[in-house]
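work-v3.pdb, holding PDB, C-alpha atoms, pLDDT in the B column:
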```
ATOM      1  CA  MET A   1       0.000   0.000   0.000  1.00 61.00           C
ATOM      2  CA  SER A   2       1.056   3.518  -0.690  1.00 71.00           C
ATOM      3  CA  ASN A   3       1.337   6.232   1.920  1.00 80.00           C
ATOM      4  CA  ARG A   4      -0.098   8.798  -0.495  1.00 85.00           C
ATOM      5  CA  LYS A   5      -3.408  10.366   0.350  1.00 85.00           C
ATOM      6  CA  PRO A   6      -5.885  10.648  -2.521  1.00 87.00           C
ATOM      7  CA  TYR A   7      -6.958  14.128  -3.545  1.00 89.00           C
ATOM      8  CA  VAL A   8     -10.449  14.920  -2.314  1.00 88.00           C
ATOM      9  CA  ARG A   9     -11.904  18.098  -3.721  1.00 88.00           C
ATOM     10  CA  GLU A  10     -13.759  20.191  -1.183  1.00 89.00           C
ATOM     11  CA  VAL A  11     -17.423  20.657  -2.048  1.00 88.00           C
ATOM     12  CA  LYS A  12     -19.278  23.505  -0.378  1.00 89.00           C
ATOM     13  CA  ARG A  13     -22.905  23.147   0.656  1.00 89.00           C
ATOM     14  CA  THR A  14     -23.923  25.883  -1.767  1.00 89.00           C
ATOM     15  CA  TRP A  15     -22.262  24.381  -4.850  1.00 88.00           C
ATOM     16  CA  TRP A  16     -25.570  24.307  -6.717  1.00 86.00           C
ATOM     17  CA  LYS A  17     -26.023  28.101  -6.542  1.00 90.00           C
ATOM     18  CA  ASN A  18     -23.386  28.706  -9.223  1.00 89.00           C
ATOM     19  CA  ASN A  19     -25.265  26.985 -12.053  1.00 91.00           C
ATOM     20  CA  PRO A  20     -28.722  28.152 -13.255  1.00 93.00           C
ATOM     21  CA  PHE A  21     -29.706  24.587 -14.211  1.00 93.00           C
ATOM     22  CA  TYR A  22     -29.114  23.337 -10.671  1.00 92.00           C
ATOM     23  CA  ARG A  23     -30.791  26.397  -9.120  1.00 93.00           C
ATOM     24  CA  PHE A  24     -33.930  25.639 -11.127  1.00 92.00           C
ATOM     25  CA  TYR A  25     -33.659  21.958 -10.211  1.00 91.00           C
ATOM     26  CA  MET A  26     -33.435  22.789  -6.493  1.00 91.00           C
ATOM     27  CA  LEU A  27     -36.386  25.181  -6.778  1.00 89.00           C
ATOM     28  CA  ARG A  28     -38.429  22.495  -8.513  1.00 90.00           C
ATOM     29  CA  GLU A  29     -37.524  19.903  -5.895  1.00 90.00           C
ATOM     30  CA  ALA A  30     -38.308  22.347  -3.061  1.00 91.00           C
ATOM     31  CA  THR A  31     -41.900  22.634  -4.286  1.00 90.00           C
ATOM     32  CA  VAL A  32     -42.532  19.230  -2.720  1.00 91.00           C
ATOM     33  CA  LEU A  33     -42.728  20.872   0.736  1.00 93.00           C
ATOM     34  CA  PRO A  34     -45.990  22.780   0.129  1.00 92.00           C
ATOM     35  CA  LEU A  35     -47.337  19.708  -1.673  1.00 93.00           C
ATOM     36  CA  ILE A  36     -46.683  17.628   1.447  1.00 95.00           C
ATOM     37  CA  LEU A  37     -48.527  20.202   3.556  1.00 95.00           C
ATOM     38  CA  PHE A  38     -51.447  20.212   1.101  1.00 95.00           C
ATOM     39  CA  THR A  39     -51.627  16.423   1.297  1.00 95.00           C
ATOM     40  CA  LEU A  40     -51.592  16.528   5.100  1.00 96.00           C
ATOM     41  CA  PHE A  41     -54.338  19.180   5.144  1.00 96.00           C
ATOM     42  CA  LEU A  42     -56.444  17.059   2.808  1.00 95.00           C
ATOM     43  CA  THR A  43     -55.855  13.925   4.891  1.00 96.00           C
ATOM     44  CA  PHE A  44     -56.950  15.714   8.058  1.00 95.00           C
ATOM     45  CA  GLY A  45     -59.996  16.950   6.139  1.00 95.00           C
ATOM     46  CA  LEU A  46     -60.968  13.378   5.317  1.00 95.00           C
ATOM     47  CA  GLY A  47     -60.551  12.482   8.982  1.00 95.00           C
ATOM     48  CA  ALA A  48     -62.729  15.435   9.972  1.00 96.00           C
ATOM     49  CA  LEU A  49     -65.368  14.353   7.473  1.00 94.00           C
ATOM     50  CA  VAL A  50     -65.528  10.939   9.143  1.00 95.00           C
ATOM     51  CA  LYS A  51     -65.742  12.432  12.666  1.00 95.00           C
ATOM     52  CA  GLY A  52     -68.865  14.463  11.999  1.00 93.00           C
ATOM     53  CA  PRO A  53     -70.282  17.879  11.135  1.00 94.00           C
ATOM     54  CA  GLU A  54     -68.534  19.787  13.949  1.00 96.00           C
ATOM     55  CA  ALA A  55     -65.101  18.479  13.005  1.00 95.00           C
ATOM     56  CA  TRP A  56     -65.843  19.179   9.329  1.00 95.00           C
ATOM     57  CA  GLN A  57     -66.801  22.795  10.067  1.00 96.00           C
ATOM     58  CA  SER A  58     -63.659  23.180  12.170  1.00 96.00           C
ATOM     59  CA  TRP A  59     -61.557  21.896   9.270  1.00 96.00           C
ATOM     60  CA  LEU A  60     -63.312  24.235   6.837  1.00 96.00           C
ATOM     61  CA  SER A  61     -62.541  27.215   9.064  1.00 96.00           C
ATOM     62  CA  PHE A  62     -58.913  26.031   9.292  1.00 96.00           C
ATOM     63  CA  MET A  63     -58.720  25.844   5.497  1.00 96.00           C
ATOM     64  CA  ALA A  64     -60.039  29.427   5.273  1.00 96.00           C
ATOM     65  CA  ASN A  65     -56.981  30.694   7.173  1.00 96.00           C
ATOM     66  CA  PRO A  66     -54.998  33.031   4.854  1.00 97.00           C
ATOM     67  CA  LEU A  67     -51.743  31.178   5.592  1.00 96.00           C
ATOM     68  CA  VAL A  68     -53.292  27.844   4.592  1.00 96.00           C
ATOM     69  CA  VAL A  69     -54.744  29.418   1.443  1.00 96.00           C
ATOM     70  CA  ALA A  70     -51.285  30.804   0.583  1.00 96.00           C
ATOM     71  CA  ILE A  71     -49.686  27.378   1.122  1.00 94.00           C
ATOM     72  CA  ASN A  72     -52.319  25.815  -1.145  1.00 95.00           C
ATOM     73  CA  ILE A  73     -51.665  28.428  -3.850  1.00 95.00           C
ATOM     74  CA  VAL A  74     -47.922  27.734  -3.665  1.00 94.00           C
ATOM     75  CA  ALA A  75     -48.671  23.987  -3.842  1.00 94.00           C
ATOM     76  CA  LEU A  76     -50.808  24.560  -6.951  1.00 94.00           C
ATOM     77  CA  ALA A  77     -48.004  26.596  -8.540  1.00 94.00           C
ATOM     78  CA  GLY A  78     -45.531  23.826  -7.695  1.00 93.00           C
ATOM     79  CA  SER A  79     -47.821  21.225  -9.249  1.00 92.00           C
ATOM     80  CA  LEU A  80     -48.133  23.287 -12.416  1.00 92.00           C
ATOM     81  CA  LEU A  81     -44.340  23.705 -12.535  1.00 92.00           C
ATOM     82  CA  HIS A  82     -43.905  19.935 -12.242  1.00 90.00           C
ATOM     83  CA  ALA A  83     -46.507  19.383 -14.968  1.00 90.00           C
ATOM     84  CA  HIS A  84     -44.790  21.908 -17.239  1.00 92.00           C
ATOM     85  CA  THR A  85     -41.362  20.320 -16.840  1.00 91.00           C
ATOM     86  CA  PHE A  86     -42.772  16.814 -17.267  1.00 91.00           C
ATOM     87  CA  PHE A  87     -44.823  17.715 -20.333  1.00 93.00           C
ATOM     88  CA  SER A  88     -41.910  19.523 -22.001  1.00 92.00           C
ATOM     89  CA  MET A  89     -39.655  16.514 -21.376  1.00 92.00           C
ATOM     90  CA  MET A  90     -42.162  13.928 -22.630  1.00 91.00           C
ATOM     91  CA  PRO A  91     -41.522  14.234 -26.407  1.00 90.00           C
ATOM     92  CA  GLN A  92     -37.796  13.672 -25.858  1.00 90.00           C
ATOM     93  CA  VAL A  93     -38.234  10.715 -23.537  1.00 90.00           C
ATOM     94  CA  MET A  94     -40.969   8.992 -25.512  1.00 89.00           C
ATOM     95  CA  PRO A  95     -41.211  10.221 -29.098  1.00 88.00           C
ATOM     96  CA  ILE A  96     -44.555   9.378 -30.676  1.00 89.00           C
ATOM     97  CA  ARG A  97     -44.750   8.156 -34.262  1.00 90.00           C
ATOM     98  CA  ILE A  98     -47.899   8.031 -36.322  1.00 90.00           C
ATOM     99  CA  LYS A  99     -47.597   6.163 -39.636  1.00 90.00           C
ATOM    100  CA  GLY A 100     -43.828   6.253 -39.303  1.00 89.00           C
ATOM    101  CA  LYS A 101     -43.597  10.036 -38.895  1.00 92.00           C
ATOM    102  CA  LEU A 102     -42.608  11.768 -35.659  1.00 91.00           C
ATOM    103  CA  VAL A 103     -45.348  13.868 -34.134  1.00 91.00           C
ATOM    104  CA  ASP A 104     -44.281  17.483 -33.560  1.00 92.00           C
ATOM    105  CA  LYS A 105     -43.120  18.196 -30.000  1.00 92.00           C
ATOM    106  CA  LYS A 106     -45.460  21.173 -29.618  1.00 93.00           C
ATOM    107  CA  THR A 107     -48.412  19.013 -30.613  1.00 93.00           C
ATOM    108  CA  ILE A 108     -47.590  16.456 -27.918  1.00 92.00           C
ATOM    109  CA  VAL A 109     -47.189  19.117 -25.217  1.00 93.00           C
ATOM    110  CA  LEU A 110     -50.350  20.991 -26.218  1.00 94.00           C
ATOM    111  CA  THR A 111     -52.307  17.723 -26.283  1.00 94.00           C
ATOM    112  CA  GLN A 112     -51.208  16.972 -22.728  1.00 94.00           C
ATOM    113  CA  TRP A 113     -52.238  20.445 -21.525  1.00 95.00           C
ATOM    114  CA  ALA A 114     -55.565  20.056 -23.336  1.00 97.00           C
ATOM    115  CA  ALA A 115     -56.099  16.751 -21.512  1.00 96.00           C
ATOM    116  CA  VAL A 116     -55.328  18.456 -18.179  1.00 94.00           C
ATOM    117  CA  ALA A 117     -57.791  21.245 -18.990  1.00 95.00           C
ATOM    118  CA  ALA A 118     -60.500  18.781 -20.042  1.00 97.00           C
ATOM    119  CA  ILE A 119     -60.094  16.618 -16.948  1.00 96.00           C
ATOM    120  CA  SER A 120     -60.073  19.710 -14.709  1.00 94.00           C
ATOM    121  CA  LEU A 121     -63.269  20.955 -16.366  1.00 96.00           C
ATOM    122  CA  ILE A 122     -64.961  17.584 -15.885  1.00 97.00           C
ATOM    123  CA  VAL A 123     -63.966  17.502 -12.202  1.00 96.00           C
ATOM    124  CA  LEU A 124     -65.134  21.119 -11.784  1.00 95.00           C
ATOM    125  CA  ILE A 125     -68.521  20.265 -13.299  1.00 96.00           C
ATOM    126  CA  ILE A 126     -68.927  17.137 -11.145  1.00 95.00           C
ATOM    127  CA  VAL A 127     -67.979  18.869  -7.928  1.00 86.00           C
TER     128      VAL A 127
END
```

Could you render the structure as structure tokens?
Amino acid sequence: MSNRKPYVREVKRTWWKNNPFYRFYMLREATVLPLILFTLFLTFGLGALVKGPEAWQSWLSFMANPLVVAINIVALAGSLLHAHTFFSMMPQVMPIRIKGKLVDKKTIVLTQWAAVAAISLIVLIIV
């Protein structure tokens, strides 16, 4: 064995701040925090629904809190950011061919957004 020590480059905790790609990546990954809170709020709402009308009204008043509304808006924005990045990546990951010809990337992305809009409209009408 050699007595030489291998070179280990020092990596600072803020290494990702120097590159715009990694800054965007970290921002996108950080949007999971409000999504976790939204999921917890919704889970407690289901529990309140099971407990009865008083618990349900208490949960509704909790959800009307401006801080909770702000967290839900940030969670919605994070979900839309995730959808945008996923939809824009889709044509590269899984190119679609119809009769041997590649479908245009914009067509694939717009079709996905149209599907999201249609499903959202259906859910809005049902609820």

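Considering only C-alpha atoms, the residue among A:Gln57, A:Pro66, A:Trp15, A:Ile71 positioned nearest to A:Phe38 is A:Ile71.
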
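In this model, the gap between atom CA of A:Ala118 and atom CA of A:His84 comes to 16.3 Å.
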
> Any chance you could work out the residue set of the PyMOL selection byres ((chain A and resi 36) around 12) here, as a ChimeraX atom specification?
Replying inline: /A:29-35,37-43,71-72,74-76,78-79

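When atom CA of A:Leu80 is paired with atom CA of A:Trp16, their separation reads 23.3 Å.
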
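For the pair atom CA of A:Met63 and atom CA of A:Val50, the interatomic distance is 16.8 Å.
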
> In file coordinates, which residues lie within 7 Å of (-46.8, 11.7, -27.1) using only C-alpha atoms, given as a ChimeraX atom specification?
Replying inline: /A:90-91,94-96,108

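With the shown file loaded, the PyMOL selection byres ((chain A and resi 112) around 12) picks out Ala83, His84, Thr85, Phe86, Phe87, Ser88, Met89, Met90, Pro91, Lys105, Lys106, Thr107, Ile108, Val109, Leu110, Thr111, Trp113, Ala114, Ala115, Val116, Ala117, Ala118 and Ile119 of chain A.
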
C-alpha atoms of the current selection, written as a PDB file, in the frame of the given file:
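Writing done, so here's out-v6.pdb:
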```
ATOM      1  CA  ALA A  83     -46.507  19.383 -14.968  1.00 90.00           C
ATOM      2  CA  HIS A  84     -44.790  21.908 -17.239  1.00 92.00           C
ATOM      3  CA  THR A  85     -41.362  20.320 -16.840  1.00 91.00           C
ATOM      4  CA  PHE A  86     -42.772  16.814 -17.267  1.00 91.00           C
ATOM      5  CA  PHE A  87     -44.823  17.715 -20.333  1.00 93.00           C
ATOM      6  CA  SER A  88     -41.910  19.523 -22.001  1.00 92.00           C
ATOM      7  CA  MET A  89     -39.655  16.514 -21.376  1.00 92.00           C
ATOM      8  CA  MET A  90     -42.162  13.928 -22.630  1.00 91.00           C
ATOM      9  CA  PRO A  91     -41.522  14.234 -26.407  1.00 90.00           C
ATOM     10  CA  LYS A 105     -43.120  18.196 -30.000  1.00 92.00           C
ATOM     11  CA  LYS A 106     -45.460  21.173 -29.618  1.00 93.00           C
ATOM     12  CA  THR A 107     -48.412  19.013 -30.613  1.00 93.00           C
ATOM     13  CA  ILE A 108     -47.590  16.456 -27.918  1.00 92.00           C
ATOM     14  CA  VAL A 109     -47.189  19.117 -25.217  1.00 93.00           C
ATOM     15  CA  LEU A 110     -50.350  20.991 -26.218  1.00 94.00           C
ATOM     16  CA  THR A 111     -52.307  17.723 -26.283  1.00 94.00           C
ATOM     17  CA  TRP A 113     -52.238  20.445 -21.525  1.00 95.00           C
ATOM     18  CA  ALA A 114     -55.565  20.056 -23.336  1.00 97.00           C
ATOM     19  CA  ALA A 115     -56.099  16.751 -21.512  1.00 96.00           C
ATOM     20  CA  VAL A 116     -55.328  18.456 -18.179  1.00 94.00           C
ATOM     21  CA  ALA A 117     -57.791  21.245 -18.990  1.00 95.00           C
ATOM     22  CA  ALA A 118     -60.500  18.781 -20.042  1.00 97.00           C
ATOM     23  CA  ILE A 119     -60.094  16.618 -16.948  1.00 96.00           C
TER      24      ILE A 119
END
```

Step by step, gather every atom of stretch 77-96 of chain A that the file lists, find the box along x, y and z that holds them, add 6 Å on each side, and finally give centre and edge lengths in Å to one decimal, as AutoDock Vina command-line options.
```
--center_x -43.0 --center_y 17.8 --center_z -19.2 --size_x 22.3 --size_y 29.6 --size_z 35.0
```

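Distances to A:Ala48 were evaluated for A:Ile126, A:Leu60, A:Tyr22, A:Arg13 using only C-alpha atoms, and the minimum falls at A:Leu60.
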
Could you pull stretch 2-18 of chain A out of the structure I just pasted and write it to a file containing N, CA, C and O atoms, as a short mmCIF file (atom, residue, chain, number, x, y, z; two decimals), in the first residue's frame?
```
data_model
loop_
_atom_site.label_atom_id
_atom_site.label_comp_id
_atom_site.auth_asym_id
_atom_site.auth_seq_id
_atom_site.Cartn_x
_atom_site.Cartn_y
_atom_site.Cartn_z
N SER A 2 0.34 2.25 -0.59
CA SER A 2 1.06 3.52 -0.69
C SER A 2 0.68 4.42 0.48
O SER A 2 -0.42 4.34 1.03
N ASN A 3 1.59 5.28 0.85
CA ASN A 3 1.34 6.23 1.92
C ASN A 3 0.72 7.52 1.39
O ASN A 3 0.47 8.44 2.17
N ARG A 4 0.48 7.59 0.08
CA ARG A 4 -0.10 8.80 -0.50
C ARG A 4 -1.57 8.91 -0.14
O ARG A 4 -2.30 7.93 -0.10
N LYS A 5 -1.99 10.12 0.09
CA LYS A 5 -3.41 10.37 0.35
C LYS A 5 -4.06 10.78 -0.97
O LYS A 5 -3.53 11.62 -1.68
N PRO A 6 -5.22 10.24 -1.28
CA PRO A 6 -5.88 10.65 -2.52
C PRO A 6 -6.41 12.08 -2.39
O PRO A 6 -6.77 12.53 -1.30
N TYR A 7 -6.44 12.76 -3.52
CA TYR A 7 -6.96 14.13 -3.54
C TYR A 7 -8.48 14.09 -3.44
O TYR A 7 -9.16 13.42 -4.21
N VAL A 8 -9.01 14.81 -2.48
CA VAL A 8 -10.45 14.92 -2.31
C VAL A 8 -10.81 16.39 -2.43
O VAL A 8 -10.41 17.20 -1.59
N ARG A 9 -11.53 16.71 -3.49
CA ARG A 9 -11.90 18.10 -3.72
C ARG A 9 -12.98 18.52 -2.72
O ARG A 9 -13.95 17.81 -2.50
N GLU A 10 -12.79 19.68 -2.15
CA GLU A 10 -13.76 20.19 -1.18
C GLU A 10 -15.00 20.67 -1.93
O GLU A 10 -14.91 21.38 -2.92
N VAL A 11 -16.16 20.25 -1.45
CA VAL A 11 -17.42 20.66 -2.05
C VAL A 11 -18.21 21.42 -1.00
O VAL A 11 -18.52 20.89 0.07
N LYS A 12 -18.51 22.68 -1.31
CA LYS A 12 -19.28 23.51 -0.38
C LYS A 12 -20.75 23.14 -0.44
O LYS A 12 -21.24 22.58 -1.44
N ARG A 13 -21.48 23.47 0.60
CA ARG A 13 -22.91 23.15 0.66
C ARG A 13 -23.72 23.94 -0.36
O ARG A 13 -24.82 23.55 -0.72
N THR A 14 -23.19 25.03 -0.82
CA THR A 14 -23.92 25.88 -1.77
C THR A 14 -23.40 25.73 -3.20
O THR A 14 -23.54 26.64 -4.01
N TRP A 15 -22.84 24.59 -3.52
CA TRP A 15 -22.26 24.38 -4.85
C TRP A 15 -23.28 24.56 -5.97
O TRP A 15 -22.96 25.00 -7.06
N TRP A 16 -24.53 24.27 -5.70
CA TRP A 16 -25.57 24.31 -6.72
C TRP A 16 -25.99 25.73 -7.09
O TRP A 16 -26.60 25.95 -8.14
N LYS A 17 -25.62 26.72 -6.27
CA LYS A 17 -26.02 28.10 -6.54
C LYS A 17 -25.28 28.72 -7.72
O LYS A 17 -25.72 29.73 -8.26
N ASN A 18 -24.20 28.13 -8.15
CA ASN A 18 -23.39 28.71 -9.22
C ASN A 18 -23.91 28.39 -10.62
O ASN A 18 -23.49 29.01 -11.58
#
```
